[in-house]
Structures are given as structure tokens and as C-alpha cells.
>>> print(open('upload-v4.cif').read())   # mmCIF, C-alpha atoms
data_entry
#
loop_
_atom_site.label_atom_id
_atom_site.label_comp_id
_atom_site.auth_asym_id
_atom_site.auth_seq_id
_atom_site.Cartn_x
_atom_site.Cartn_y
_atom_site.Cartn_z
CA MET A 1 28.68 -13.41 -38.32
CA ALA A 2 30.41 -12.27 -41.46
CA GLY A 3 28.23 -10.98 -44.24
CA ASN A 4 25.01 -11.54 -42.34
CA GLU A 5 23.88 -7.98 -42.62
CA THR A 6 22.74 -8.64 -46.16
CA LYS A 7 22.03 -12.37 -46.07
CA GLU A 8 18.61 -13.69 -45.24
CA ARG A 9 19.02 -17.08 -43.64
CA LYS A 10 16.28 -19.49 -42.76
CA ILE A 11 17.07 -21.30 -39.52
CA LEU A 12 14.73 -24.15 -38.67
CA VAL A 13 14.47 -24.93 -34.95
CA ALA A 14 12.77 -28.19 -33.97
CA VAL A 15 10.65 -27.53 -30.89
CA ASP A 16 8.78 -29.91 -28.62
CA GLU A 17 7.40 -30.09 -25.07
CA GLY A 18 10.78 -30.72 -23.46
CA GLU A 19 13.33 -28.50 -21.80
CA VAL A 20 16.06 -29.75 -24.11
CA SER A 21 14.44 -28.09 -27.11
CA SER A 22 13.85 -24.86 -25.16
CA TYR A 23 17.53 -24.83 -24.25
CA ALA A 24 18.50 -25.45 -27.90
CA LEU A 25 16.29 -22.56 -29.05
CA SER A 26 17.68 -20.28 -26.38
CA TRP A 27 21.28 -21.21 -27.24
CA CYS A 28 20.58 -20.57 -30.91
CA LEU A 29 19.09 -17.15 -30.19
CA LYS A 30 22.12 -16.13 -28.15
CA ASN A 31 24.86 -17.68 -30.27
CA ILE A 32 23.67 -17.97 -33.86
CA VAL A 33 21.06 -15.33 -34.61
CA ALA A 34 22.50 -11.84 -34.97
CA GLU A 35 20.78 -8.87 -33.35
CA ASN A 36 20.28 -6.96 -36.58
CA SER A 37 20.26 -9.84 -39.00
CA LYS A 38 17.61 -10.66 -41.53
CA ASP A 39 17.45 -14.24 -40.26
CA THR A 40 14.09 -15.95 -40.06
CA LEU A 41 13.57 -18.53 -37.36
CA ILE A 42 11.17 -21.27 -38.39
CA LEU A 43 9.85 -23.01 -35.29
CA LEU A 44 8.74 -26.50 -36.28
CA TYR A 45 6.61 -28.75 -34.09
CA SER A 46 5.83 -32.33 -35.10
CA LYS A 47 2.52 -33.67 -33.84
CA HIS A 48 1.96 -37.39 -33.43
CA PRO A 49 -0.24 -38.71 -36.23
CA PRO A 50 -3.73 -39.74 -35.00
CA THR A 51 -3.92 -43.34 -33.74
CA LEU A 52 -6.80 -45.51 -34.91
CA TYR A 53 -8.77 -47.17 -32.12
CA PRO A 54 -10.92 -50.24 -32.81
CA ALA A 55 -13.43 -49.28 -30.08
CA THR A 56 -16.98 -48.40 -31.07
CA ASP A 57 -16.60 -44.85 -29.75
CA GLY A 58 -13.31 -44.47 -31.71
CA THR A 59 -14.44 -41.29 -33.46
CA GLU A 60 -14.90 -39.46 -30.20
CA ILE A 61 -11.57 -40.61 -28.85
CA ILE A 62 -9.80 -39.53 -32.04
CA ALA A 63 -11.49 -36.13 -31.92
CA SER A 64 -10.54 -35.70 -28.29
CA MET A 65 -6.92 -36.79 -28.92
CA GLU A 66 -6.67 -34.41 -31.86
CA LYS A 67 -7.99 -31.55 -29.76
CA TYR A 68 -5.46 -32.36 -27.05
CA GLY A 69 -2.65 -32.58 -29.64
CA ASN A 70 -3.57 -29.19 -31.08
CA GLU A 71 -3.65 -27.61 -27.64
CA VAL A 72 -0.20 -28.99 -26.81
CA ALA A 73 1.12 -27.70 -30.14
CA GLU A 74 -0.29 -24.25 -29.41
CA LEU A 75 1.23 -24.17 -25.93
CA VAL A 76 4.66 -25.28 -27.22
CA MET A 77 4.58 -22.61 -29.92
CA GLU A 78 3.50 -19.86 -27.52
CA LYS A 79 6.32 -20.74 -25.16
CA ALA A 80 8.87 -20.84 -28.01
CA LYS A 81 7.71 -17.50 -29.44
CA ARG A 82 7.89 -15.90 -25.99
CA LEU A 83 11.46 -17.17 -25.65
CA CYS A 84 12.35 -15.60 -29.01
CA ASN A 85 10.86 -12.23 -28.04
CA GLU A 86 12.65 -12.24 -24.71
CA VAL A 87 16.08 -12.45 -26.35
CA HIS A 88 15.75 -10.05 -29.25
CA ASP A 89 13.60 -8.94 -32.08
CA VAL A 90 13.86 -11.76 -34.59
CA LYS A 91 11.50 -12.69 -37.41
CA VAL A 92 9.68 -15.88 -36.38
CA GLU A 93 7.48 -18.23 -38.36
CA THR A 94 5.75 -21.26 -36.88
CA ARG A 95 4.81 -24.56 -38.46
CA VAL A 96 2.94 -27.48 -36.98
CA GLU A 97 3.16 -30.67 -39.02
CA CYS A 98 1.87 -34.16 -38.43
CA GLY A 99 4.22 -37.15 -38.40
CA ASP A 100 7.46 -38.65 -37.15
CA PRO A 101 9.77 -35.72 -36.29
CA ARG A 102 12.59 -37.35 -38.29
CA ASP A 103 10.55 -37.31 -41.50
CA VAL A 104 8.88 -33.97 -40.79
CA ILE A 105 12.18 -32.15 -40.20
CA CYS A 106 13.83 -33.62 -43.31
CA GLN A 107 10.79 -32.79 -45.47
CA MET A 108 10.56 -29.22 -44.20
CA VAL A 109 14.27 -28.57 -44.76
CA GLU A 110 13.80 -29.51 -48.41
CA LYS A 111 10.47 -27.78 -48.86
CA LEU A 112 11.44 -24.49 -47.22
CA ASP A 113 15.05 -24.47 -48.49
CA VAL A 114 16.42 -24.06 -45.00
CA ASP A 115 20.02 -22.89 -44.38
CA MET A 116 20.53 -24.51 -40.99
CA VAL A 117 18.71 -26.82 -38.58
CA VAL A 118 18.95 -26.44 -34.79
CA MET A 119 17.75 -29.21 -32.50
CA GLY A 120 18.18 -30.50 -29.00
CA SER A 121 19.81 -33.81 -28.28
CA HIS A 122 18.04 -35.78 -25.62
CA GLY A 123 21.16 -37.58 -24.54
CA TYR A 124 19.63 -41.03 -24.47
CA GLY A 125 21.91 -43.84 -23.36
CA MET A 126 23.23 -46.33 -25.87
CA ILE A 127 20.45 -48.91 -25.42
CA LYS A 128 17.52 -46.49 -25.50
CA ARG A 129 19.04 -44.82 -28.56
CA ALA A 130 19.42 -48.15 -30.35
CA PHE A 131 15.73 -48.93 -29.84
CA LEU A 132 14.24 -45.49 -30.27
CA GLY A 133 16.57 -44.24 -32.93
CA SER A 134 17.76 -40.69 -32.64
CA VAL A 135 16.08 -37.75 -34.30
CA SER A 136 19.31 -35.75 -34.30
CA ASN A 137 21.33 -38.66 -35.80
CA HIS A 138 18.78 -39.16 -38.52
CA CYS A 139 18.64 -35.48 -39.42
CA ALA A 140 22.41 -35.00 -39.28
CA HIS A 141 22.75 -37.73 -41.87
CA ASN A 142 19.77 -36.97 -44.05
CA VAL A 143 19.32 -33.24 -44.38
CA LYS A 144 21.55 -31.40 -46.78
CA CYS A 145 22.14 -28.27 -44.71
CA PRO A 146 24.26 -27.92 -41.56
CA VAL A 147 22.71 -29.32 -38.37
CA LEU A 148 23.45 -27.91 -34.93
CA ILE A 149 22.83 -30.37 -32.12
CA VAL A 150 22.54 -28.75 -28.70
CA LYS A 151 22.72 -30.93 -25.63
CA ARG A 152 21.60 -29.36 -22.40
CA PRO A 153 24.46 -29.67 -19.94
CA LYS A 154 23.26 -31.18 -16.66
CA SER A 155 24.77 -28.42 -14.57
CA ALA A 156 24.33 -25.64 -17.12
CA ALA A 157 23.20 -22.19 -16.31
CA PRO A 158 20.19 -21.82 -18.65
CA ASN A 159 21.49 -18.56 -20.07
CA LYS A 160 24.93 -19.75 -21.11
CA MET B 1 24.93 -13.04 -32.54
CA ALA B 2 23.42 -11.53 -29.46
CA GLY B 3 25.77 -10.57 -26.71
CA ASN B 4 28.86 -11.71 -28.60
CA GLU B 5 30.55 -8.37 -28.39
CA THR B 6 31.56 -9.17 -24.83
CA LYS B 7 31.63 -12.95 -24.83
CA GLU B 8 34.77 -14.87 -25.63
CA ARG B 9 33.78 -18.18 -27.15
CA LYS B 10 36.05 -21.06 -27.96
CA ILE B 11 34.96 -22.77 -31.15
CA LEU B 12 36.75 -26.03 -31.93
CA VAL B 13 36.84 -26.93 -35.61
CA ALA B 14 37.94 -30.46 -36.51
CA VAL B 15 40.13 -30.27 -39.61
CA ASP B 16 41.55 -33.00 -41.82
CA GLU B 17 42.85 -33.51 -45.35
CA GLY B 18 39.42 -33.59 -46.97
CA GLU B 19 37.29 -30.99 -48.68
CA VAL B 20 34.38 -31.69 -46.33
CA SER B 21 36.29 -30.26 -43.39
CA SER B 22 37.43 -27.23 -45.43
CA TYR B 23 33.82 -26.57 -46.33
CA ALA B 24 32.76 -26.91 -42.67
CA LEU B 25 35.45 -24.44 -41.59
CA SER B 26 34.48 -22.02 -44.33
CA TRP B 27 30.77 -22.27 -43.44
CA CYS B 28 31.58 -21.69 -39.79
CA LEU B 29 33.66 -18.59 -40.60
CA LYS B 30 30.85 -17.12 -42.66
CA ASN B 31 27.89 -18.10 -40.50
CA ILE B 32 29.02 -18.51 -36.91
CA VAL B 33 32.05 -16.33 -36.25
CA ALA B 34 31.24 -12.64 -35.96
CA GLU B 35 33.42 -10.06 -37.67
CA ASN B 36 34.29 -8.18 -34.49
CA SER B 37 33.81 -10.96 -32.00
CA LYS B 38 36.27 -12.17 -29.43
CA ASP B 39 35.81 -15.75 -30.61
CA THR B 40 38.82 -18.02 -30.75
CA LEU B 41 38.87 -20.74 -33.39
CA ILE B 42 40.76 -23.82 -32.28
CA LEU B 43 41.74 -25.85 -35.33
CA LEU B 44 42.21 -29.45 -34.25
CA TYR B 45 43.90 -32.11 -36.38
CA SER B 46 44.05 -35.74 -35.27
CA LYS B 47 47.06 -37.67 -36.49
CA HIS B 48 46.92 -41.44 -36.80
CA PRO B 49 48.87 -43.06 -33.98
CA PRO B 50 52.10 -44.75 -35.19
CA THR B 51 51.60 -48.33 -36.35
CA LEU B 52 54.06 -50.97 -35.13
CA TYR B 53 55.63 -53.02 -37.91
CA PRO B 54 57.15 -56.43 -37.19
CA ALA B 55 59.80 -56.00 -39.92
CA THR B 56 63.45 -55.77 -38.90
CA ASP B 57 63.75 -52.26 -40.31
CA GLY B 58 60.62 -51.21 -38.36
CA THR B 59 62.32 -48.25 -36.69
CA GLU B 60 63.11 -46.63 -40.01
CA ILE B 61 59.61 -47.19 -41.32
CA ILE B 62 58.08 -45.71 -38.18
CA ALA B 63 60.36 -42.67 -38.38
CA SER B 64 59.50 -42.18 -42.03
CA MET B 65 55.74 -42.57 -41.36
CA GLU B 66 55.94 -40.11 -38.48
CA LYS B 67 57.75 -37.59 -40.65
CA TYR B 68 55.10 -37.98 -43.34
CA GLY B 69 52.32 -37.64 -40.74
CA ASN B 70 53.85 -34.44 -39.39
CA GLU B 71 54.19 -32.99 -42.87
CA VAL B 72 50.54 -33.76 -43.65
CA ALA B 73 49.47 -32.15 -40.36
CA GLU B 74 51.48 -29.03 -41.18
CA LEU B 75 49.97 -28.78 -44.66
CA VAL B 76 46.43 -29.22 -43.34
CA MET B 77 46.98 -26.53 -40.71
CA GLU B 78 48.53 -24.10 -43.18
CA LYS B 79 45.56 -24.52 -45.52
CA ALA B 80 43.07 -24.09 -42.67
CA LYS B 81 44.79 -20.95 -41.33
CA ARG B 82 44.89 -19.46 -44.83
CA LEU B 83 41.14 -20.09 -45.13
CA CYS B 84 40.56 -18.28 -41.82
CA ASN B 85 42.62 -15.27 -42.87
CA GLU B 86 40.83 -15.05 -46.21
CA VAL B 87 37.44 -14.61 -44.57
CA HIS B 88 38.18 -12.23 -41.72
CA ASP B 89 40.52 -11.43 -38.91
CA VAL B 90 39.76 -14.09 -36.33
CA LYS B 91 41.94 -15.34 -33.51
CA VAL B 92 43.16 -18.82 -34.45
CA GLU B 93 44.92 -21.47 -32.41
CA THR B 94 46.09 -24.80 -33.79
CA ARG B 95 46.44 -28.17 -32.11
CA VAL B 96 47.75 -31.42 -33.52
CA GLU B 97 46.98 -34.47 -31.40
CA CYS B 98 47.63 -38.15 -31.90
CA GLY B 99 44.78 -40.68 -31.84
CA ASP B 100 41.33 -41.61 -33.07
CA PRO B 101 39.57 -38.34 -34.00
CA ARG B 102 36.52 -39.39 -31.94
CA ASP B 103 38.54 -39.62 -28.76
CA VAL B 104 40.79 -36.67 -29.54
CA ILE B 105 37.85 -34.31 -30.17
CA CYS B 106 35.98 -35.37 -27.02
CA GLN B 107 39.11 -35.05 -24.90
CA MET B 108 39.98 -31.60 -26.26
CA VAL B 109 36.44 -30.31 -25.72
CA GLU B 110 36.75 -31.20 -22.04
CA LYS B 111 40.34 -30.07 -21.64
CA LEU B 112 39.96 -26.70 -23.37
CA ASP B 113 36.42 -26.02 -22.09
CA VAL B 114 35.11 -25.45 -25.61
CA ASP B 115 31.77 -23.69 -26.26
CA MET B 116 30.98 -25.29 -29.61
CA VAL B 117 32.36 -27.94 -31.96
CA VAL B 118 32.18 -27.64 -35.74
CA MET B 119 32.86 -30.61 -37.96
CA GLY B 120 32.19 -31.91 -41.43
CA SER B 121 29.99 -34.89 -42.07
CA HIS B 122 31.36 -37.23 -44.68
CA GLY B 123 27.98 -38.46 -45.72
CA TYR B 124 28.84 -42.12 -45.68
CA GLY B 125 26.09 -44.51 -46.70
CA MET B 126 24.36 -46.67 -44.12
CA ILE B 127 26.62 -49.71 -44.52
CA LYS B 128 29.92 -47.85 -44.52
CA ARG B 129 28.74 -45.86 -41.49
CA ALA B 130 27.81 -49.04 -39.62
CA PHE B 131 31.31 -50.45 -40.11
CA LEU B 132 33.38 -47.34 -39.76
CA GLY B 133 31.32 -45.63 -37.13
CA SER B 134 30.81 -41.92 -37.50
CA VAL B 135 32.99 -39.28 -35.92
CA SER B 136 30.16 -36.75 -35.97
CA ASN B 137 27.67 -39.21 -34.39
CA HIS B 138 30.10 -40.07 -31.66
CA CYS B 139 30.90 -36.46 -30.87
CA ALA B 140 27.27 -35.33 -31.02
CA HIS B 141 26.46 -37.89 -28.35
CA ASN B 142 29.54 -37.60 -26.19
CA VAL B 143 30.64 -33.99 -25.98
CA LYS B 144 28.78 -31.71 -23.63
CA CYS B 145 28.75 -28.59 -25.79
CA PRO B 146 26.71 -27.97 -28.95
CA VAL B 147 27.98 -29.70 -32.11
CA LEU B 148 27.49 -28.26 -35.58
CA ILE B 149 27.66 -30.88 -38.32
CA VAL B 150 28.21 -29.43 -41.78
CA LYS B 151 27.63 -31.62 -44.79
CA ARG B 152 28.99 -30.36 -48.06
CA PRO B 153 26.10 -30.21 -50.51
CA LYS B 154 26.96 -31.96 -53.76
CA SER B 155 25.98 -29.01 -55.88
CA ALA B 156 26.96 -26.32 -53.40
CA ALA B 157 28.63 -23.14 -54.31
CA PRO B 158 31.72 -23.28 -52.07
CA ASN B 159 31.06 -19.81 -50.73
CA LYS B 160 27.45 -20.34 -49.64
#
>>> encode(input="upload-v4.cif", output="C-alpha cells")
Amino acid sequence: MAGNETKERKILVAVDEGEVSSYALSWCLKNIVAENSKDTLILLYSKHPPTLYPATDGTEIIASMEKYGNEVAELVMEKAKRLCNEVHDVKVETRVECGDPRDVICQMVEKLDVDMVVMGSHGYGMIKRAFLGSVSNHCAHNVKCPVLIVKRPKSAAPNK
Amino acid sequence: MAGNETKERKILVAVDEGEVSSYALSWCLKNIVAENSKDTLILLYSKHPPTLYPATDGTEIIASMEKYGNEVAELVMEKAKRLCNEVHDVKVETRVECGDPRDVICQMVEKLDVDMVVMGSHGYGMIKRAFLGSVSNHCAHNVKCPVLIVKRPKSAAPNK
């Protein structure tokens, strides 16, 4: 990585519960982040916004859902940080934000002045993609910095 | 780039006549390719397939169009190779193929067993994208290796 010895890059990695995002993070650590670089990895997790329930005990349900959401976020971040430490000593920051991942990623890229985004591609088929939209598509078109989309090969050795 | 000292990666960079692809190549050279790595950059240019004209002097027109196409391909490759040499000493291979860039890129990734694809994003608006399709979208969904999409920022310093 030419010139990286002196350059401090901010690399935002979108993480979630799935294996695809773990693979993307792992690939990034082995192929993009230099051993002695000053890169900072920003691990970003997007929580679902709280849903409003019309039931009379809605408050309790919301509180319980929020607690569950926070626990999942913590677990995802712990796993991601462990993965970072396993590969090499890289500076890691974590951020948990609430909202649609497409909006959250685009907003954070702007706000944190990120140099590169890394994300997994879930490899949806054409129909599912048309209905669900694609986070990677959206980000590739809407963020201003380069976007690396990592698809986990079906038969891949996890450490490639 | 952890472990790159021993790993030989093949990085395919899609090049064309535009500044967006030059910027993507330049960004890749400065951010992805290590100074002393064994990476090979494969510069891939997709030529338009020859169009068939119904005119009586069709043969001449086709020959002249083909000649022009070959000259453009040569110019693009020369410019891209010069860019590579300006940054640092990296092993470069060039390939000129005939066809729709979407198909050509996907086919070459398979054929050459590429580790990563780098391409520029032209930043079309929503309507133009819907009609023209997007090379980067297509490749991000269809190739099996990671795809880096580099959009040239409007106000970017070319050497960032």
C-alpha cells in the first residue's frame, strides 16, 4: 500500500449478525489494512429502530425489544473486535447507530469523513433484491468514497 | 496489507476512456497495491463489438471502425500503464476483449481466477442508471471475488 506509512485512513466496515459481514471484515483485515499502518477501522452496526406496538403493555415490549437489540449489538461488536485482534494490531473504533443500514452507513461516511467503506454482499437473487433493495447497491451509488463489496464465496476457505 | 509479502494477488482493473476509470486505477495503486507486493494488476479494456451496417460499402466502414477501436484501446492502455509506472513498480498485464463490459469483466474474473476487481462508478442518476444498467452493479452481484467501486469525488484532489 503505497504511502500508507504516513497516511491515516478511516475505513468503515459495516458489521451485522451474519457470516457475510464477518467474512468481509476478515478479508479487509488481510487484504486492505497494512500491518504497520495508521489506519483506523470503524466498525458500524445499525440497529433496527424501535417498533411501536398498539398493545396496552407496549412500553414493556418496547423496553424488552430495546434490551434485546442492545445485547445483539454488543455481541456483534465483541465478535468483530475479536476478529480484528486475531489478525493484527489495528486501531478499532465501534459505533452503534439506530436506523436503516443504508441511511446509517451513508450518514456516517459523511459525518466521520471516511476514506473507504467495506461491506458484505448478501448475494440475494434478482427477485429478493428487487423487493428488499440492496444495502451495497445503495451505498455504492450514494457514498462519495470508494466502496468495497465482499461476497463470501460458497466454497471459500474462510482465511483466503 | 497483512501477509501480502508472500501472497500473489491478481487485481483486475477495468479501464476505459474516461477520467473515472483513471481515478479508480490511481486510487487502487495508492491504497490497495503494496510497494513491495507480488500483486499483478490486470488492466482490462472492453471494446465495443463491431456493428453491422446494411450499406453497400459496409466492409470498409467496419474495417475503419475496427481500426479506430483498436487505436482507442491502445491509447487507453498506454495511458493506464503510464499511470501504473508513475506510482510504483508493479507488475502489469493488459487485456483487450470485445463485448459488453459487464460480460467481459465477469468472464475474465472467472477465467483468470482474479482476487479482486477495481472499477470506477460513473455516478449516473437514477433514471439514466435504470435505462443503461450499471456495470458496477452488475459486477458487484455477479462476480465471486470482492469488487471495489471507486467514485471520483467532484471536488477531489486527483492524488487523494
>>> resolve_selection(input="upload-v4.cif", expression="the PyMOL selection byres ((chain B) within 9 of (chain A))", output="number ranges by chain")
B: 1-4, 24, 27-37, 87-88, 118, 120-121, 123-125, 136-137, 140-154
>>> closest_residue(input="upload-v4.cif", among="A:Leu83, A:Val72, A:Val90, A:Ala14", to="Ser26 in chain A", atoms="all atoms listed in the file")
A:Leu83
>>> residues_near_point(input="upload-v4.cif", point="(-0.1, -38.3, -36.3)", cutoff="6 Å", atoms="only C-alpha atoms", output="PDB file with C-alpha atoms, keeping the file's coordinate frame")
ATOM      1  CA  LYS A  47       2.520 -33.670 -33.840  1.00  0.00           C
ATOM      2  CA  HIS A  48       1.960 -37.390 -33.430  1.00  0.00           C
ATOM      3  CA  PRO A  49      -0.240 -38.710 -36.230  1.00  0.00           C
ATOM      4  CA  PRO A  50      -3.730 -39.740 -35.000  1.00  0.00           C
ATOM      5  CA  CYS A  98       1.870 -34.160 -38.430  1.00  0.00           C
ATOM      6  CA  GLY A  99       4.220 -37.150 -38.400  1.00  0.00           C
TER       7      GLY A  99
END
>>> resolve_selection(input="upload-v4.cif", expression="the PyMOL selection byres ((chain A and resi 73) around 12)", output="PyMOL selection string")
chain A and resi 15-17+43-48+66-72+74-80+94-98
>>> atom_distance(input="upload-v4.cif", atom1="CA of Ile105 in chain A", atom2="CA of Val135 in chain B")
22.4 Å
>>> residues_around(input="upload-v4.cif", residues="Val92 in chain B", least_positions_apart="3", cutoff="10 Å", atoms="all atoms listed in the file", output="list in words")
Lys10, Ile11, Leu12, Asp39, Thr40, Leu41, Ile42, Leu43, Ala80, Lys81, Cys84, Asn85 and Asp89 of chain B
>>> write_last_selection(input="upload-v4.cif", atoms="C-alpha atoms", output="compact mmCIF listing (two decimals), in the coordinates of the input")
# COMPACT_ATOMS: atom_id res chain seq x y z
CA LYS B 10 36.05 -21.06 -27.96
CA ILE B 11 34.96 -22.77 -31.15
CA LEU B 12 36.75 -26.03 -31.93
CA ASP B 39 35.81 -15.75 -30.61
CA THR B 40 38.82 -18.02 -30.75
CA LEU B 41 38.87 -20.74 -33.39
CA ILE B 42 40.76 -23.82 -32.28
CA LEU B 43 41.74 -25.85 -35.33
CA ALA B 80 43.07 -24.09 -42.67
CA LYS B 81 44.79 -20.95 -41.33
CA CYS B 84 40.56 -18.28 -41.82
CA ASN B 85 42.62 -15.27 -42.87
CA ASP B 89 40.52 -11.43 -38.91
>>> axis_aligned_box(input="upload-v4.cif", around="range 64-77 of chain A", padding_each_side="4 Å", output="AutoDock Vina command-line options")
--center_x -2.9 --center_y -29.7 --center_z -28.9 --size_x 23.2 --size_y 22.2 --size_z 13.9
